[in-house]
$ cat structure.txt   # compact mmCIF, C-alpha atoms
# COMPACT_ATOMS: atom_id res chain seq x y z
CA MET A 29 0.00 0.00 0.00
CA LYS A 30 1.07 3.60 -0.63
CA THR A 31 0.06 6.89 0.98
CA CYS A 32 -2.17 9.47 -0.66
CA ILE A 33 -4.13 12.49 0.51
CA SER A 34 -7.45 13.87 -0.64
CA SER A 35 -7.47 17.59 -1.35
CA TYR A 36 -10.58 17.56 0.84
CA SER A 37 -8.26 17.31 3.84
CA TYR A 38 -7.09 20.85 3.06
CA SER A 39 -10.62 22.16 2.45
CA ARG A 40 -10.82 24.31 5.57
CA LEU A 41 -7.62 26.14 4.60
CA ILE A 42 -8.76 26.47 0.98
CA ARG A 43 -12.19 27.75 2.03
CA ASP A 44 -10.57 30.35 4.32
CA GLY A 45 -8.31 31.60 1.52
CA LYS A 46 -5.14 30.38 3.23
CA MET A 47 -4.31 27.81 0.56
CA THR A 48 -5.12 26.95 -3.06
CA LEU A 49 -5.25 23.54 -4.70
CA PHE A 50 -1.82 24.32 -6.15
CA ASP A 51 -0.48 25.10 -2.67
CA ALA A 52 -1.96 21.79 -1.53
CA ILE A 53 0.05 19.96 -4.18
CA GLU A 54 3.27 21.57 -2.96
CA LYS A 55 2.45 20.81 0.69
CA THR A 56 1.57 17.20 -0.17
CA LYS A 57 4.97 16.73 -1.81
CA GLU A 58 6.75 18.48 1.06
CA LEU A 59 5.10 16.25 3.67
CA GLY A 60 6.09 13.08 1.83
CA PHE A 61 2.87 11.58 0.54
CA ASP A 62 3.17 9.20 -2.42
CA ALA A 63 0.18 10.52 -4.39
CA MET A 64 -2.62 13.09 -4.60
CA GLU A 65 -6.39 12.77 -4.87
CA PHE A 66 -8.58 15.67 -5.98
CA SER A 67 -12.04 16.38 -4.61
CA ILE A 68 -13.64 18.78 -7.09
CA GLY A 69 -17.15 20.11 -7.54
CA ASP A 70 -18.91 22.00 -10.31
CA GLU A 71 -17.68 25.33 -8.94
CA LEU A 72 -14.03 24.86 -9.94
CA GLU A 73 -12.89 28.18 -11.35
CA GLY A 74 -11.33 27.82 -14.79
CA GLY A 75 -12.93 24.46 -15.54
CA ARG A 76 -10.91 22.20 -17.81
CA ASP A 77 -8.06 24.73 -18.09
CA THR A 78 -7.54 24.48 -14.33
CA ILE A 79 -7.72 20.68 -14.53
CA VAL A 80 -4.83 20.71 -17.01
CA ARG A 81 -2.83 23.03 -14.77
CA LEU A 82 -3.41 20.76 -11.76
CA ARG A 83 -2.22 17.75 -13.74
CA GLU A 84 0.90 19.61 -14.85
CA ALA A 85 1.61 20.77 -11.29
CA CYS A 86 1.41 17.17 -10.04
CA GLU A 87 3.68 16.00 -12.85
CA LYS A 88 6.20 18.68 -11.91
CA ALA A 89 6.02 17.63 -8.24
CA GLY A 90 6.34 13.94 -9.12
CA LEU A 91 2.99 13.11 -7.56
CA PRO A 92 0.78 10.52 -9.28
CA ILE A 93 -2.94 11.36 -9.24
CA ALA A 94 -4.61 8.40 -7.61
CA SER A 95 -8.26 9.39 -7.89
CA TYR A 96 -10.79 12.10 -8.74
CA THR A 97 -13.74 12.66 -6.42
CA THR A 98 -16.98 14.57 -6.98
CA GLY A 99 -20.51 14.59 -5.63
CA ALA A 100 -23.63 13.12 -7.20
CA ASN A 101 -27.24 12.25 -6.48
CA PHE A 102 -29.02 9.87 -8.83
CA PHE A 103 -32.19 9.63 -6.74
CA VAL A 104 -33.77 12.83 -8.04
CA PRO A 105 -36.82 13.62 -10.19
CA ASP A 106 -34.60 14.17 -13.26
CA PRO A 107 -31.63 11.77 -13.12
CA LYS A 108 -30.85 12.33 -16.82
CA ALA A 109 -29.62 15.84 -15.99
CA GLU A 110 -27.38 14.36 -13.30
CA VAL A 111 -25.97 11.85 -15.78
CA ALA A 112 -25.07 14.66 -18.19
CA ARG A 113 -23.38 16.59 -15.37
CA LEU A 114 -21.41 13.54 -14.23
CA LYS A 115 -20.15 12.84 -17.74
CA GLU A 116 -18.41 16.23 -17.66
CA HIS A 117 -16.65 15.11 -14.47
CA VAL A 118 -15.64 11.86 -16.16
CA ASP A 119 -14.05 13.97 -18.87
CA ARG A 120 -12.24 15.98 -16.21
CA ALA A 121 -11.04 12.82 -14.47
CA ALA A 122 -9.63 11.53 -17.75
CA LEU A 123 -8.04 14.90 -18.48
CA ILE A 124 -6.35 15.13 -15.10
CA GLY A 125 -5.01 11.59 -15.52
CA ALA A 126 -6.90 9.86 -12.70
CA PRO A 127 -7.42 6.10 -13.16
CA CYS A 128 -10.67 6.19 -11.22
CA MET A 129 -13.46 8.59 -10.31
CA ARG A 130 -15.68 8.49 -7.25
CA HIS A 131 -19.24 9.79 -7.31
CA ASP A 132 -21.96 9.65 -4.69
CA ILE A 133 -25.15 7.61 -5.02
CA CYS A 134 -27.82 9.51 -3.10
CA GLY A 135 -28.25 11.09 0.29
CA ALA A 136 -31.94 10.99 1.12
CA PHE A 137 -35.42 10.39 -0.26
CA TYR A 138 -36.15 13.51 -2.28
CA GLU A 139 -38.99 15.85 -1.39
CA GLY A 140 -42.14 14.74 -3.13
CA TYR A 141 -41.12 11.06 -3.44
CA THR A 142 -44.24 8.96 -2.90
CA GLY A 143 -42.87 5.45 -3.40
CA ILE A 144 -41.82 2.84 -0.85
CA ARG A 145 -39.12 4.35 1.35
CA THR A 146 -36.63 1.48 1.31
CA PHE A 147 -33.25 1.22 -0.36
CA ASP A 148 -34.31 -1.94 -2.22
CA ALA A 149 -37.14 0.05 -3.82
CA ILE A 150 -34.84 2.71 -5.27
CA VAL A 151 -32.00 0.46 -6.48
CA PRO A 152 -33.78 -0.37 -9.78
CA GLN A 153 -34.34 3.35 -10.31
CA ILE A 154 -30.73 4.46 -9.87
CA ALA A 155 -28.68 1.47 -11.05
CA PRO A 156 -29.22 2.03 -14.82
CA TYR A 157 -27.96 5.62 -14.60
CA ILE A 158 -24.87 4.57 -12.63
CA ARG A 159 -24.27 1.91 -15.28
CA GLU A 160 -24.52 4.56 -18.00
CA ILE A 161 -21.87 6.65 -16.25
CA THR A 162 -19.45 3.77 -15.77
CA ASP A 163 -19.89 2.62 -19.39
CA TYR A 164 -19.09 6.15 -20.55
CA ALA A 165 -16.09 6.29 -18.19
CA ALA A 166 -14.80 2.96 -19.50
CA SER A 167 -14.63 4.48 -22.97
CA LYS A 168 -12.36 7.16 -21.47
CA GLY A 169 -10.12 4.69 -19.65
CA VAL A 170 -11.54 5.61 -16.22
CA LYS A 171 -13.07 3.31 -13.62
CA THR A 172 -15.92 4.65 -11.51
CA MET A 173 -16.77 3.93 -7.91
CA SER A 174 -18.99 5.00 -5.05
CA GLU A 175 -18.21 4.93 -1.36
CA ASN A 176 -20.21 4.03 1.70
CA HIS A 177 -21.48 7.58 2.01
CA GLY A 178 -24.86 9.17 2.72
CA TYR A 179 -27.33 7.77 5.23
CA VAL A 180 -29.43 6.00 2.59
CA ALA A 181 -26.53 4.25 0.82
CA GLN A 182 -24.10 3.57 3.65
CA ASP A 183 -24.67 0.01 4.86
CA ALA A 184 -22.55 -2.84 3.52
CA GLU A 185 -25.46 -5.05 2.49
CA ARG A 186 -27.18 -2.17 0.68
CA LEU A 187 -24.01 -1.45 -1.28
CA VAL A 188 -23.61 -5.11 -2.24
CA LYS A 189 -27.12 -5.01 -3.72
CA LEU A 190 -26.36 -1.83 -5.65
CA TYR A 191 -23.06 -3.07 -7.12
CA THR A 192 -24.76 -6.31 -8.13
CA ALA A 193 -27.58 -4.38 -9.80
CA VAL A 194 -25.18 -2.10 -11.72
CA GLY A 195 -23.41 -5.24 -12.88
CA SER A 196 -20.21 -3.76 -14.31
CA THR A 197 -16.63 -4.69 -13.51
CA ASN A 198 -15.73 -1.08 -14.32
CA TYR A 199 -17.75 0.06 -11.29
CA GLY A 200 -16.41 -0.62 -7.82
CA TRP A 201 -16.15 0.57 -4.27
CA LEU A 202 -14.28 3.45 -2.71
CA CYS A 203 -13.68 1.98 0.73
CA ASP A 204 -14.07 4.60 3.46
CA VAL A 205 -13.02 2.92 6.69
CA GLY A 206 -14.89 5.42 8.88
CA ASN A 207 -18.20 6.08 7.19
CA PHE A 208 -19.86 2.83 8.20
CA CYS A 209 -20.13 4.25 11.71
CA CYS A 210 -22.68 6.77 10.44
CA ALA A 211 -24.96 3.78 9.82
CA ASP A 212 -23.97 2.24 13.18
CA GLU A 213 -22.10 -0.65 11.56
CA ASP A 214 -18.81 -2.19 12.71
CA PRO A 215 -16.31 -0.90 10.10
CA ALA A 216 -14.07 -3.98 10.09
CA ILE A 217 -16.99 -6.36 9.51
CA SER A 218 -18.48 -4.17 6.80
CA VAL A 219 -15.12 -3.67 5.07
CA GLY A 220 -14.77 -7.45 4.97
CA LYS A 221 -18.10 -7.79 3.15
CA LEU A 222 -17.12 -5.35 0.38
CA ALA A 223 -13.33 -5.71 0.22
CA PRO A 224 -13.24 -7.65 -3.09
CA LEU A 225 -14.90 -4.64 -4.78
CA ALA A 226 -12.41 -2.01 -3.55
CA PHE A 227 -10.81 0.24 -6.19
CA HIS A 228 -9.52 2.92 -3.79
CA VAL A 229 -9.42 3.59 -0.04
CA HIS A 230 -10.14 6.59 2.19
CA VAL A 231 -8.71 6.46 5.70
CA LYS A 232 -10.17 8.67 8.41
CA ASP A 233 -10.80 8.46 12.11
CA MET A 234 -13.63 9.49 14.41
CA PHE A 235 -14.48 9.80 18.06
CA LEU A 236 -17.64 7.84 18.87
CA ARG A 237 -20.04 8.36 21.77
CA SER A 238 -23.20 6.56 22.82
CA GLY A 239 -26.52 8.21 22.08
CA MET A 240 -27.38 7.59 25.74
CA LEU A 241 -25.00 10.41 26.68
CA PRO A 242 -25.82 14.12 26.43
CA ASP A 243 -25.02 15.87 23.13
CA PRO A 244 -21.26 16.62 23.22
CA GLY A 245 -21.83 19.96 21.48
CA ARG A 246 -20.49 21.71 18.40
CA GLY A 247 -18.56 19.61 15.90
CA TRP A 248 -20.42 16.37 16.60
CA GLY A 249 -22.82 14.65 14.23
CA ARG A 250 -25.49 12.01 14.73
CA THR A 251 -25.50 8.53 13.30
CA ARG A 252 -28.66 7.07 11.84
CA GLY A 253 -29.23 5.28 15.15
CA GLY A 254 -28.75 8.40 17.24
CA ASN A 255 -25.17 7.92 18.41
CA PHE A 256 -22.58 10.70 18.19
CA PHE A 257 -19.46 11.01 16.03
CA ARG A 258 -16.77 13.59 15.37
CA GLY A 259 -13.90 13.47 12.89
CA THR A 260 -10.39 13.50 14.33
CA ILE A 261 -6.73 12.78 13.54
CA PHE A 262 -6.18 9.46 11.79
CA GLY A 263 -4.98 6.87 14.31
CA GLN A 264 -6.29 8.72 17.38
CA GLY A 265 -10.00 7.93 17.29
CA ASN A 266 -12.25 4.92 17.82
CA ILE A 267 -12.37 3.50 14.27
CA PRO A 268 -10.56 0.12 13.93
CA THR A 269 -8.45 1.60 11.13
CA LEU A 270 -5.53 -0.82 11.31
CA GLN A 271 -7.87 -3.81 11.36
CA CYS A 272 -9.66 -2.48 8.28
CA LEU A 273 -6.37 -2.14 6.39
CA LYS A 274 -5.43 -5.69 7.34
CA VAL A 275 -8.78 -6.94 6.01
CA LEU A 276 -8.22 -5.11 2.72
CA LYS A 277 -4.70 -6.47 2.39
CA ARG A 278 -5.90 -10.04 2.96
CA ASN A 279 -8.43 -9.52 0.18
CA GLY A 280 -5.74 -8.47 -2.28
CA TYR A 281 -5.89 -4.68 -2.06
CA ASP A 282 -2.44 -3.13 -2.50
CA GLY A 283 -3.18 0.32 -3.89
CA TYR A 284 -3.25 3.83 -2.47
CA ILE A 285 -4.81 4.73 0.86
CA SER A 286 -5.94 8.33 0.86
CA LEU A 287 -6.07 10.44 4.03
CA GLU A 288 -9.36 12.28 4.45
CA PHE A 289 -9.13 14.56 7.48
CA GLU A 290 -12.45 15.94 8.73
CA GLY A 291 -11.59 16.97 12.28
CA MET A 292 -11.55 20.20 14.29
CA GLU A 293 -7.82 20.10 15.04
CA ASP A 294 -5.22 22.27 13.31
CA VAL A 295 -5.28 21.06 9.72
CA LEU A 296 -1.58 20.75 8.94
CA THR A 297 -0.71 19.27 12.33
CA ALA A 298 -3.49 16.71 11.91
CA ILE A 299 -2.30 15.83 8.42
CA GLU A 300 1.31 15.39 9.58
CA ILE A 301 0.31 13.10 12.46
CA GLY A 302 -2.11 11.24 10.22
CA LEU A 303 0.62 10.57 7.68
CA GLU A 304 2.95 9.29 10.41
CA ASN A 305 0.25 6.85 11.55
CA MET A 306 -0.53 5.81 7.97
CA GLN A 307 3.11 4.98 7.36
CA LYS A 308 3.28 3.07 10.63
CA TYR A 309 0.15 1.07 9.80
CA ILE A 310 1.29 0.29 6.26
CA ALA A 311 4.54 -1.10 7.62
CA ILE A 312 2.62 -3.32 10.03
CA VAL A 313 0.24 -4.55 7.33
CA ASP A 314 3.02 -5.19 4.81
CA ALA A 315 5.02 -7.14 7.40
CA GLU A 316 2.25 -9.69 7.99
$ encode --input "structure.txt" --output "structure tokens"
Amino acid sequence: MKTCISSYSYSRLIRDGKMTLFDAIEKTKELGFDAMEFSIGDELEGGRDTIVRLREACEKAGLPIASYTTGANFFVPDPKAEVARLKEHVDRAALIGAPCMRHDICGAFYEGYTGIRTFDAIVPQIAPYIREITDYAASKGVKTMSENHGYVAQDAERLVKLYTAVGSTNYGWLCDVGNFCCADEDPAISVGKLAPLAFHVHVKDMFLRSGMLPDPGRGWGRTRGGNFFRGTIFGQGNIPTLQCLKVLKRNGYDGYISLEFEGMEDVLTAIEIGLENMQKYIAIVDAE
């Protein structure tokens, strides 16, 4: 396994005007990561011209681009418009030189939906559009993937059903070792269920607290079952991160693991410590 970082980890600094994506590339190289992942939405200033400049900056820094990440929601009244939008991101992923592109699935039942409110009911509605995207991406030399993300599409068994319904070997899983907690699942067990489908990996950590306790306050979110979680420095929280990496390794995964920091701590300090723990964990996993 090799280290990578998502540009999302720098998002607080970028949002506050203290860093640009180009600064993030330089910092990533300086810190000693092996690769870069870009998390990019529709609002990217400069569009495809900026994508080319980002690719050239990574080439100059000697940083491979491991993945391209963007948002998506196929469970909407007009999914054809979402497909058209996502194809533009596929083009960007190919242009930047990423071998794979992550897109979301859906986050909630949309306002006005009158059908049965189960995940099984919406799989037949969204799977054909996801298949259309991955077929288009295959023609561009890009694999597509979705992660365990969003309360509706976060459980391991639900994702297995979706991947089976899409039915394409060009479509796989972006394994996020922390996100299963938002659906109150044990990450190591859930990673084991989906590991053969993994194309890329996000590593993050979280503090977890029982829903029987009082609300811890600002910075904490709620799981679907009413427990509390808060992002923190990788290797310092309650997620069984090392165990998850061992499960992935045993299932044949040997690609990049991408740090996704979402905590309240100082960003650069958290990234530095997270990288140290990533390197430590990779050495342990590789030695087994």
$ residues_around --input "structure.txt" --residues "Cys210 of chain A" --least-positions-apart "3" --cutoff "7 Å" --atoms "only C-alpha atoms" --output "list in words"
Asn207, Thr251 and Arg252 of chain A
$ residues_near_point --input "structure.txt" --point "(-6.2, 11.8, 0.0)" --cutoff "7 Å" --atoms "only C-alpha atoms" --output "list in words"
Cys32, Ile33, Ser34, Ser35, Met64, Glu65, His230, Ser286, Leu287 and Glu288 of chain A
$ axis_aligned_box --input "structure.txt" --around "segment 216-233 of chain A" --padding-each-side "8 Å" --output "AutoDock Vina command-line options"
--center_x -13.6 --center_y 0.4 --center_z 3.0 --size_x 25.8 --size_y 32.5 --size_z 34.3
$ residues_around --input "structure.txt" --residues "Tyr284 of chain A" --least-positions-apart "6" --cutoff "8 Å" --atoms "all atoms listed in the file" --output "ChimeraX atom specification"
/A:29-32,63,94,228-229
$ residues_around --input "structure.txt" --residues "segment 294-298 of chain A" --least-positions-apart "5" --cutoff "9 Å" --atoms "all atoms listed in the file" --output "list in words"
Ser37, Tyr38, Arg40, Leu41, Thr260, Ile261, Phe262, Phe289 and Leu303 of chain A
$ residues_around --input "structure.txt" --residues "Tyr309 of chain A" --least-positions-apart "3" --cutoff "10 Å" --atoms "all atoms listed in the file" --output "PyMOL selection string"
chain A and resi 29+263+269-271+273-274+303-306+312-315
$ write_last_selection --input "structure.txt" --atoms "C-alpha atoms" --output "CSV table (one decimal), in the frame of the given file"
chain,number,residue,atom,x,y,z
A,29,MET,CA,0.0,0.0,0.0
A,263,GLY,CA,-5.0,6.9,14.3
A,269,THR,CA,-8.4,1.6,11.1
A,270,LEU,CA,-5.5,-0.8,11.3
A,271,GLN,CA,-7.9,-3.8,11.4
A,273,LEU,CA,-6.4,-2.1,6.4
A,274,LYS,CA,-5.4,-5.7,7.3
A,303,LEU,CA,0.6,10.6,7.7
A,304,GLU,CA,3.0,9.3,10.4
A,305,ASN,CA,0.2,6.8,11.6
A,306,MET,CA,-0.5,5.8,8.0
A,312,ILE,CA,2.6,-3.3,10.0
A,313,VAL,CA,0.2,-4.6,7.3
A,314,ASP,CA,3.0,-5.2,4.8
A,315,ALA,CA,5.0,-7.1,7.4
$ closest_atom_pairs --input "structure.txt" --of "segment 118-165 of chain A" --to "segment 173-184 of chain A" --cutoff "9 Å" --atoms "only C-alpha atoms" --output "CSV"
residue,atom,partner,partner_atom,distance
A:Cys128,CA,A:Met173,CA,7.3
A:Met129,CA,A:Met173,CA,6.2
A:Arg130,CA,A:Met173,CA,4.7
A:His131,CA,A:Ser174,CA,5.3
A:Asp132,CA,A:Ser174,CA,5.5
A:Ile133,CA,A:Ser174,CA,6.7
A:Cys134,CA,A:Gly178,CA,6.5
A:Gly135,CA,A:Gly178,CA,4.6
A:Ala136,CA,A:Val180,CA,5.8
A:Phe137,CA,A:Val180,CA,8.0
A:Thr146,CA,A:Val180,CA,8.6
A:Phe147,CA,A:Val180,CA,6.8
A:Thr162,CA,A:Met173,CA,8.3
$ closest_residue --input "structure.txt" --among "A:Thr56, A:Thr172, A:Thr97, A:Ser39" --to "Val194 of chain A" --atoms "only C-alpha atoms"
A:Thr172
$ atom_distance --input "structure.txt" --atom1 "atom CA of Gly90 of chain A" --atom2 "atom CA of Asp62 of chain A"
8.8 Å
$ atom_distance --input "structure.txt" --atom1 "atom CA of Cys209 of chain A" --atom2 "atom CA of Asp243 of chain A"
17.0 Å
$ decode --input "structure.txt" --residues "segment 102-114 of chain A" --atoms "all heavy atoms" --output "short mmCIF file (atom, residue, chain, number, x, y, z; two decimals), in the first residue's frame"
data_model
loop_
_atom_site.label_atom_id
_atom_site.label_comp_id
_atom_site.auth_asym_id
_atom_site.auth_seq_id
_atom_site.Cartn_x
_atom_site.Cartn_y
_atom_site.Cartn_z
N PHE A 102 -28.24 10.45 -7.74
CA PHE A 102 -29.02 9.87 -8.83
C PHE A 102 -30.48 9.67 -8.45
O PHE A 102 -31.30 9.40 -9.32
CB PHE A 102 -28.42 8.53 -9.25
CG PHE A 102 -27.09 8.65 -9.93
CD1 PHE A 102 -25.92 8.55 -9.21
CD2 PHE A 102 -27.01 8.91 -11.29
CE1 PHE A 102 -24.68 8.67 -9.83
CE2 PHE A 102 -25.79 9.05 -11.93
CZ PHE A 102 -24.62 8.94 -11.19
N PHE A 103 -30.80 9.80 -7.16
CA PHE A 103 -32.19 9.63 -6.74
C PHE A 103 -32.86 11.00 -6.68
O PHE A 103 -33.06 11.60 -5.62
CB PHE A 103 -32.27 8.92 -5.40
CG PHE A 103 -33.66 8.50 -5.04
CD1 PHE A 103 -34.43 7.74 -5.91
CD2 PHE A 103 -34.20 8.85 -3.82
CE1 PHE A 103 -35.71 7.36 -5.59
CE2 PHE A 103 -35.49 8.47 -3.48
CZ PHE A 103 -36.24 7.72 -4.36
N VAL A 104 -33.16 11.51 -7.86
CA VAL A 104 -33.77 12.83 -8.04
C VAL A 104 -34.86 12.71 -9.10
O VAL A 104 -34.90 11.73 -9.86
CB VAL A 104 -32.72 13.88 -8.49
CG1 VAL A 104 -31.74 14.17 -7.36
CG2 VAL A 104 -31.98 13.41 -9.74
N PRO A 105 -35.75 13.69 -9.18
CA PRO A 105 -36.82 13.62 -10.19
C PRO A 105 -36.30 13.55 -11.62
O PRO A 105 -36.94 12.94 -12.49
CB PRO A 105 -37.61 14.91 -9.95
CG PRO A 105 -37.37 15.24 -8.51
CD PRO A 105 -35.96 14.82 -8.25
N ASP A 106 -35.14 14.16 -11.89
CA ASP A 106 -34.60 14.17 -13.26
C ASP A 106 -33.17 13.64 -13.27
O ASP A 106 -32.21 14.41 -13.36
CB ASP A 106 -34.63 15.59 -13.83
CG ASP A 106 -34.17 15.63 -15.29
OD1 ASP A 106 -34.07 14.56 -15.91
OD2 ASP A 106 -33.90 16.74 -15.79
N PRO A 107 -32.97 12.33 -13.15
CA PRO A 107 -31.63 11.77 -13.12
C PRO A 107 -30.85 11.93 -14.42
O PRO A 107 -29.62 11.88 -14.43
CB PRO A 107 -31.86 10.29 -12.80
CG PRO A 107 -33.26 10.02 -13.21
CD PRO A 107 -34.01 11.29 -12.98
N LYS A 108 -31.56 12.16 -15.55
CA LYS A 108 -30.85 12.33 -16.82
C LYS A 108 -29.97 13.58 -16.80
O LYS A 108 -28.87 13.59 -17.36
CB LYS A 108 -31.84 12.40 -17.97
CG LYS A 108 -32.56 11.07 -18.24
CD LYS A 108 -33.49 11.17 -19.43
CE LYS A 108 -34.18 9.84 -19.70
NZ LYS A 108 -35.11 9.91 -20.86
N ALA A 109 -30.43 14.63 -16.12
CA ALA A 109 -29.62 15.84 -15.99
C ALA A 109 -28.38 15.55 -15.15
O ALA A 109 -27.29 16.07 -15.43
CB ALA A 109 -30.43 16.96 -15.35
N GLU A 110 -28.53 14.72 -14.14
CA GLU A 110 -27.38 14.36 -13.30
C GLU A 110 -26.38 13.52 -14.08
O GLU A 110 -25.16 13.68 -13.93
CB GLU A 110 -27.86 13.60 -12.05
CG GLU A 110 -26.78 13.29 -11.04
CD GLU A 110 -26.30 14.52 -10.27
OE1 GLU A 110 -26.44 15.66 -10.78
OE2 GLU A 110 -25.77 14.36 -9.18
N VAL A 111 -26.86 12.65 -14.94
CA VAL A 111 -25.97 11.85 -15.78
C VAL A 111 -25.15 12.76 -16.70
O VAL A 111 -23.93 12.58 -16.84
CB VAL A 111 -26.79 10.84 -16.62
CG1 VAL A 111 -25.92 10.23 -17.71
CG2 VAL A 111 -27.35 9.75 -15.72
N ALA A 112 -25.79 13.73 -17.31
CA ALA A 112 -25.07 14.66 -18.19
C ALA A 112 -24.01 15.43 -17.42
O ALA A 112 -22.89 15.63 -17.90
CB ALA A 112 -26.06 15.62 -18.83
N ARG A 113 -24.33 15.86 -16.20
CA ARG A 113 -23.38 16.59 -15.37
C ARG A 113 -22.19 15.71 -14.99
O ARG A 113 -21.04 16.14 -15.01
CB ARG A 113 -24.08 17.10 -14.11
CG ARG A 113 -23.25 18.06 -13.27
CD ARG A 113 -23.97 18.41 -11.98
NE ARG A 113 -24.07 17.26 -11.09
CZ ARG A 113 -23.06 16.86 -10.29
NH1 ARG A 113 -21.91 17.52 -10.28
NH2 ARG A 113 -23.23 15.83 -9.51
N LEU A 114 -22.48 14.45 -14.64
CA LEU A 114 -21.41 13.54 -14.23
C LEU A 114 -20.48 13.19 -15.38
O LEU A 114 -19.30 12.94 -15.18
CB LEU A 114 -22.02 12.27 -13.62
CG LEU A 114 -22.06 12.21 -12.10
CD1 LEU A 114 -20.67 12.09 -11.51
CD2 LEU A 114 -22.78 13.41 -11.50
#
